[in-house]
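Comments concern the structure below.
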Amino acid sequence: MSDISGAGTSRAVRRLRDLPAPPGEWPLLGHMTRVRPLAVHRQFEDWARTLGTPYRLRLGPTAVVVLDDVELYHRVVRERPQRWTRNGRILPVTREMGLDGLFSVEGDEWAAQRRLIMQSLNASHFRGFFPTLHAVTQRLHRRWHRAALRGETLEMDDELMRYTVDVTSALAFGEDPNTIERDGDRIQQHLAAIFPMLMKRVLLPWPVWHWLRLPADRRLERDLAAVHAYVGDVIERARARRRDEPRAPGEPPRHVLEAMLDACDAPGSEFTQTMVHANVLTLLLAGEDTTAHSLAWTLPFLAADPERQARLHREATGVLADSAVAPSLDVVRELDSFEALATEATRMRPVVAFLILDAIGDEQLGDLEVPAGTRVIFLMRPQATDPAHFSDPQEFRPERWIDAAARGSGVHEPRAHNQFGAGPRVCPGRHLAAVEMRLVLSMLLRNFEIELACDPSGIDEVCAFTVMPSRMPVRLRVRDGARAPD
Ligand code: HEM
């Protein structure tokens with residue numbers, strides 16, 4: 001048994017059965033009947049409040065322990081992939097859907113894919129990509145400027161997903177689908193249907209859809225078929241470009257997909273065409289929702305505080321000068337306050353609300369014995385909103401992330417807010433996400449006033465793998481002195 005309590009002790013005094021558990025545990029099903037997939041994060045958090053942590057659950061045959069301890073979180077994530085895997089349901093469910101890329105795989109397969117994708121998503125590549133990032137942000141500015149002049153209400157989560165799909169595709173696959181300027185059938189509509197079903201299937205202890213296919217399962221098949229056809233075309237086009245516009249000898253791959261195709265075509269390679277396909281889809285899914293929702297969650301906080309908007313408008317105008325959109329990567333580097341908005345919003349509205357891992361062998365977490373095969377769920381919001389970690393944790397204070405003076409003598413424990421995860425499996429897209437946050441939020445506050453077009457209490461959190469707003473209707477007003485779109 002491994003002791004990860006850090007104190008070098010092996011004083012296990014508690015077993016899972018000693019922990020409190022929510023009421024309503026059924027034979028065979030355990031607590032399954034209490035779990036509503038699209039609100040499951042709220043359910044886990046409510047139980048943490050009433051029972052304290054750690055507490056135990058049973059989901060079908062699987063024993064689960066729920067924790068919110070910062071130190072244990074950091075220890076466990078560092079022990080991957082050797083001692084902990086992702087939730088054991090992830091790989092079979094995503095493999096069946098053809099989504100078993102970097103996020104799902106384990107062990108040596110994970111290590112090889114991770115190296116490849118990390119090299120290609122490295123922040124040092126961004127300078128070359130900046131003109132594309134800039135052009136896509138200008139395009140979003142044009143769309144919002146038009147909508148503001150017409151007095152239209154924008155569903156901002158949808159708007160932002162257009163942006164993130166265009167950016168991810170341009171950077172990772174070398175092509176620009178321009179969903180910002182296109183209407184009608186868009187790939188986002190099919191992608192959006194996948195996450196809620198993935199969430200439901202991962203939580204189910206058995207593949208019931210193998211025996212009972214409901215209309216939602218048939219719809220999923222249609223959405224998956226559309227997405228796979230799209231990804232197949234993206235790969236074909238990348239292969240054609242690679243053939244027709246070959247790189248100079250020694251020139252590195254131009255994007256992640258080209259690096260994957262090189263690996264796939266290398267003699268004796270274990271990196272197959274199926275893996276390329278699964279990873280294109282993984283990057284598209286992982287890059288789209290997370291960044292869009294993180295940006296969307298800033299909007300109610302900004303709309304509620306016109307003074308903050310005015311301050312940020314002045315700051316954006318000072319940094320961007322005559323431009324509507326940050327004109328260079330050097331200017332982007334000066335936009336810390338704008339990234340801090342999303343960091344703070346996700347502290348209170350985490351886009352990834354929990355991390356689920358399975359113990360490969362017998363483990364010890366603090367004073368708790370955790371047998372092999374136990375599922376461990378780390379809750380993110382209780383850590384990030386604990387007054388022991390952040391002073392006035394229920395107040396939206398982005399300044400706390402940039403200005404030590406703003407924190408005063410208050411507590412500030414950044415290790416308790418892990419929006420991108422931590423350890424060897426930390427999000428490889430975090431640098432890209434940070435650039436997107438800075439570009440979009442500075443453009444927004446430089447040029448527009450933001451007004452929420454609904455009662456904020458009517459915006460629910462929907463846990464479809466990532467936590468998204470149920471709606472985010474916003475009206476924008478063009479500010480005096482704003483730059484007209486280029
Ligand atoms: C604000 C935006 C984003 C957030 C909040 C976010 C969050 C996360 C989190 C929490 C994880 C899991 C870490 C863990 O297991 O400990 C993750 C993994 C991952 N993310 Fe992101 N992410 C974001 C943007 C992106 C982007 C833009 C991409 C790519 C274009 C991306 C690609 C991935 C991939 C491939 C993984 C799996 C890594 C692995 O298992 O080794 N993410 N992300």
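The chains in the structure tokens are called A, B, ... from first to last as shown; in each chain the residues are counted from 1, and the ligands are counted from 1 in the order shown.
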
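Proximity to A:Ser169 at 10 Å, evaluated using only C-alpha atoms and with sequence-adjacent residues fewer than 4 positions away removed, yields Thr164, Val165, Phe173, Gly174, Glu175, Asp176, Pro177, Asn178, Val234, His255, Val256, Leu257, Val280, Leu283, Leu284, Gly287 and Glu288 of chain A.
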
To check your reading of the model: which residues sit at most 6 Å from ligand 1 when counting only C-alpha atoms and all ligand atoms? Write the answer as a ChimeraX atom specification.
/A:102-103,114,168,283,286-287,290-291,294,351-352,419-422,425-430,432-433

Expressed in Å, the length from atom CA of A:His41 to atom CA of A:Leu154 is 27.3 Å

Neighbouring residues of A:Ala193 were defined as those with any atom within 9 Å, considering only C-alpha atoms; residues of the same chain fewer than 3 positions away were excluded. Please report them as a CSV table (one decimal) with C-alpha atoms, in the first residue's frame.
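Okay, this is what ended up in selection12.csv:
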```
chain,number,residue,atom,x,y,z
A,188,GLN,CA,-20.8,23.2,-33.2
A,189,GLN,CA,-24.4,22.1,-33.3
A,190,HIS,CA,-23.2,18.4,-33.5
A,196,PRO,CA,-24.2,15.8,-22.5
A,197,MET,CA,-24.5,12.2,-23.8
A,219,ARG,CA,-29.6,11.2,-32.2
A,220,LEU,CA,-26.2,10.8,-30.8
A,223,ASP,CA,-24.3,13.7,-34.5
A,224,LEU,CA,-21.3,11.5,-34.2
```

Would you kindly return, as a ChimeraX atom specification, each protein, DNA or RNA residue with an atom no farther than 12 Å from any atom of A:Met275, considering only C-alpha atoms and excluding same-chain residues fewer than 5 positions away?
-> /A:95,98-105,109-110,112-113,235,257,260-261,263-264,269-270,280-282

| request: Name all residues at most 10 Å from A:Ala63 (count only C-alpha atoms; drop same-chain ones fewer than 4 positions away) and give them as an MDAnalysis selection string. | output: chainID A and resid 16:17 30 56:59 370:371 373:376

task: as a PyMOL selection string, list the residues of stretch 169-384 of chain A assigned to strand (DSSP E or B) by DSSP on the backbone atoms of this structure.
output: chain A and resi 354-359+363-365+368-370+375-379

Could the residues in this selection be written to a file with C-alpha atoms, as a PDB file, in the first residue's frame?
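The resulting file, selection-v7.pdb, is reproduced below:
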```
ATOM      1  CA  PHE A 354     -14.613  17.838 -10.584  1.00  0.00           C
ATOM      2  CA  LEU A 355     -11.850  15.424 -11.447  1.00  0.00           C
ATOM      3  CA  ILE A 356     -12.663  11.711 -11.327  1.00  0.00           C
ATOM      4  CA  LEU A 357      -9.799   9.230 -10.968  1.00  0.00           C
ATOM      5  CA  ASP A 358      -9.522   5.507 -10.219  1.00  0.00           C
ATOM      6  CA  ALA A 359      -6.898   3.992  -7.907  1.00  0.00           C
ATOM      7  CA  GLU A 363      -3.654   3.589  -1.708  1.00  0.00           C
ATOM      8  CA  GLN A 364      -3.843   5.679   1.422  1.00  0.00           C
ATOM      9  CA  LEU A 365      -5.276   9.202   1.354  1.00  0.00           C
ATOM     10  CA  LEU A 368      -8.234   6.799   4.727  1.00  0.00           C
ATOM     11  CA  GLU A 369      -7.569   3.389   3.189  1.00  0.00           C
ATOM     12  CA  VAL A 370      -8.490   3.420  -0.478  1.00  0.00           C
ATOM     13  CA  ARG A 375     -13.188   5.889  -7.709  1.00  0.00           C
ATOM     14  CA  VAL A 376     -12.025   9.200  -6.235  1.00  0.00           C
ATOM     15  CA  ILE A 377     -13.842  12.442  -7.044  1.00  0.00           C
ATOM     16  CA  PHE A 378     -12.129  15.749  -6.265  1.00  0.00           C
ATOM     17  CA  LEU A 379     -14.538  18.696  -6.110  1.00  0.00           C
TER      18      LEU A 379
END
```

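Counting only C-alpha atoms and comparing A:Leu198, A:Val276, A:Met437, A:Leu444, the residue that lies closest to A:Leu302 is A:Leu444.
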
Please, which residues in stretch 399-446 of chain A fall within 12 Å of stretch 124-143 of chain A when counting only C-alpha atoms, and what is the closest atom pair and distance in Å to one decimal for each, ordered by chain then residue number, as CSV?
```
residue,atom,partner,partner_atom,distance
A:Gly429,CA,A:Phe126,CA,11.9
A:His431,CA,A:Phe126,CA,9.1
A:Leu432,CA,A:Phe126,CA,8.0
A:Ala433,CA,A:Leu133,CA,11.5
A:Ala434,CA,A:Phe126,CA,11.5
A:Val435,CA,A:Leu133,CA,8.8
A:Glu436,CA,A:Leu133,CA,8.0
A:Met437,CA,A:Thr137,CA,10.7
A:Arg438,CA,A:Thr137,CA,10.6
A:Leu439,CA,A:Thr137,CA,7.0
A:Val440,CA,A:Thr137,CA,6.7
A:Leu441,CA,A:Thr137,CA,10.3
A:Ser442,CA,A:Thr137,CA,10.4
A:Met443,CA,A:His141,CA,7.2
A:Leu444,CA,A:His141,CA,7.8
A:Leu445,CA,A:His141,CA,11.1
A:Arg446,CA,A:His141,CA,10.5
```

Could you write out the selected residues, including C-alpha atoms, as a PDB file, in the first residue's frame?
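Full text of part16.pdb as output:
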```pdb
ATOM      1  CA  GLY A 429      -4.226  24.021 -24.279  1.00  0.00           C
ATOM      2  CA  HIS A 431      -1.566  28.885 -23.093  1.00  0.00           C
ATOM      3  CA  LEU A 432      -3.806  29.050 -26.114  1.00  0.00           C
ATOM      4  CA  ALA A 433      -6.848  29.548 -23.866  1.00  0.00           C
ATOM      5  CA  ALA A 434      -5.078  32.393 -22.050  1.00  0.00           C
ATOM      6  CA  VAL A 435      -4.323  34.204 -25.326  1.00  0.00           C
ATOM      7  CA  GLU A 436      -7.957  33.770 -26.428  1.00  0.00           C
ATOM      8  CA  MET A 437      -9.241  35.149 -23.108  1.00  0.00           C
ATOM      9  CA  ARG A 438      -7.015  38.203 -23.346  1.00  0.00           C
ATOM     10  CA  LEU A 439      -7.890  38.908 -26.970  1.00  0.00           C
ATOM     11  CA  VAL A 440     -11.662  38.513 -26.642  1.00  0.00           C
ATOM     12  CA  LEU A 441     -12.179  40.265 -23.304  1.00  0.00           C
ATOM     13  CA  SER A 442      -9.970  43.233 -24.180  1.00  0.00           C
ATOM     14  CA  MET A 443     -11.772  43.599 -27.544  1.00  0.00           C
ATOM     15  CA  LEU A 444     -15.140  43.370 -25.785  1.00  0.00           C
ATOM     16  CA  LEU A 445     -14.378  45.932 -23.079  1.00  0.00           C
ATOM     17  CA  ARG A 446     -12.471  48.269 -25.406  1.00  0.00           C
TER      18      ARG A 446
END
```

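Compared by their closest atoms to A:Asp108, and using only C-alpha atoms, the residues A:Arg80, A:Thr272, A:Ala259, A:Leu121 rank with A:Arg80 nearest.
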
Judged by only C-alpha atoms, the minimum distance to A:Arg83 among A:Glu106, A:Asp46, A:Glu96, A:Glu307 is found for A:Glu106
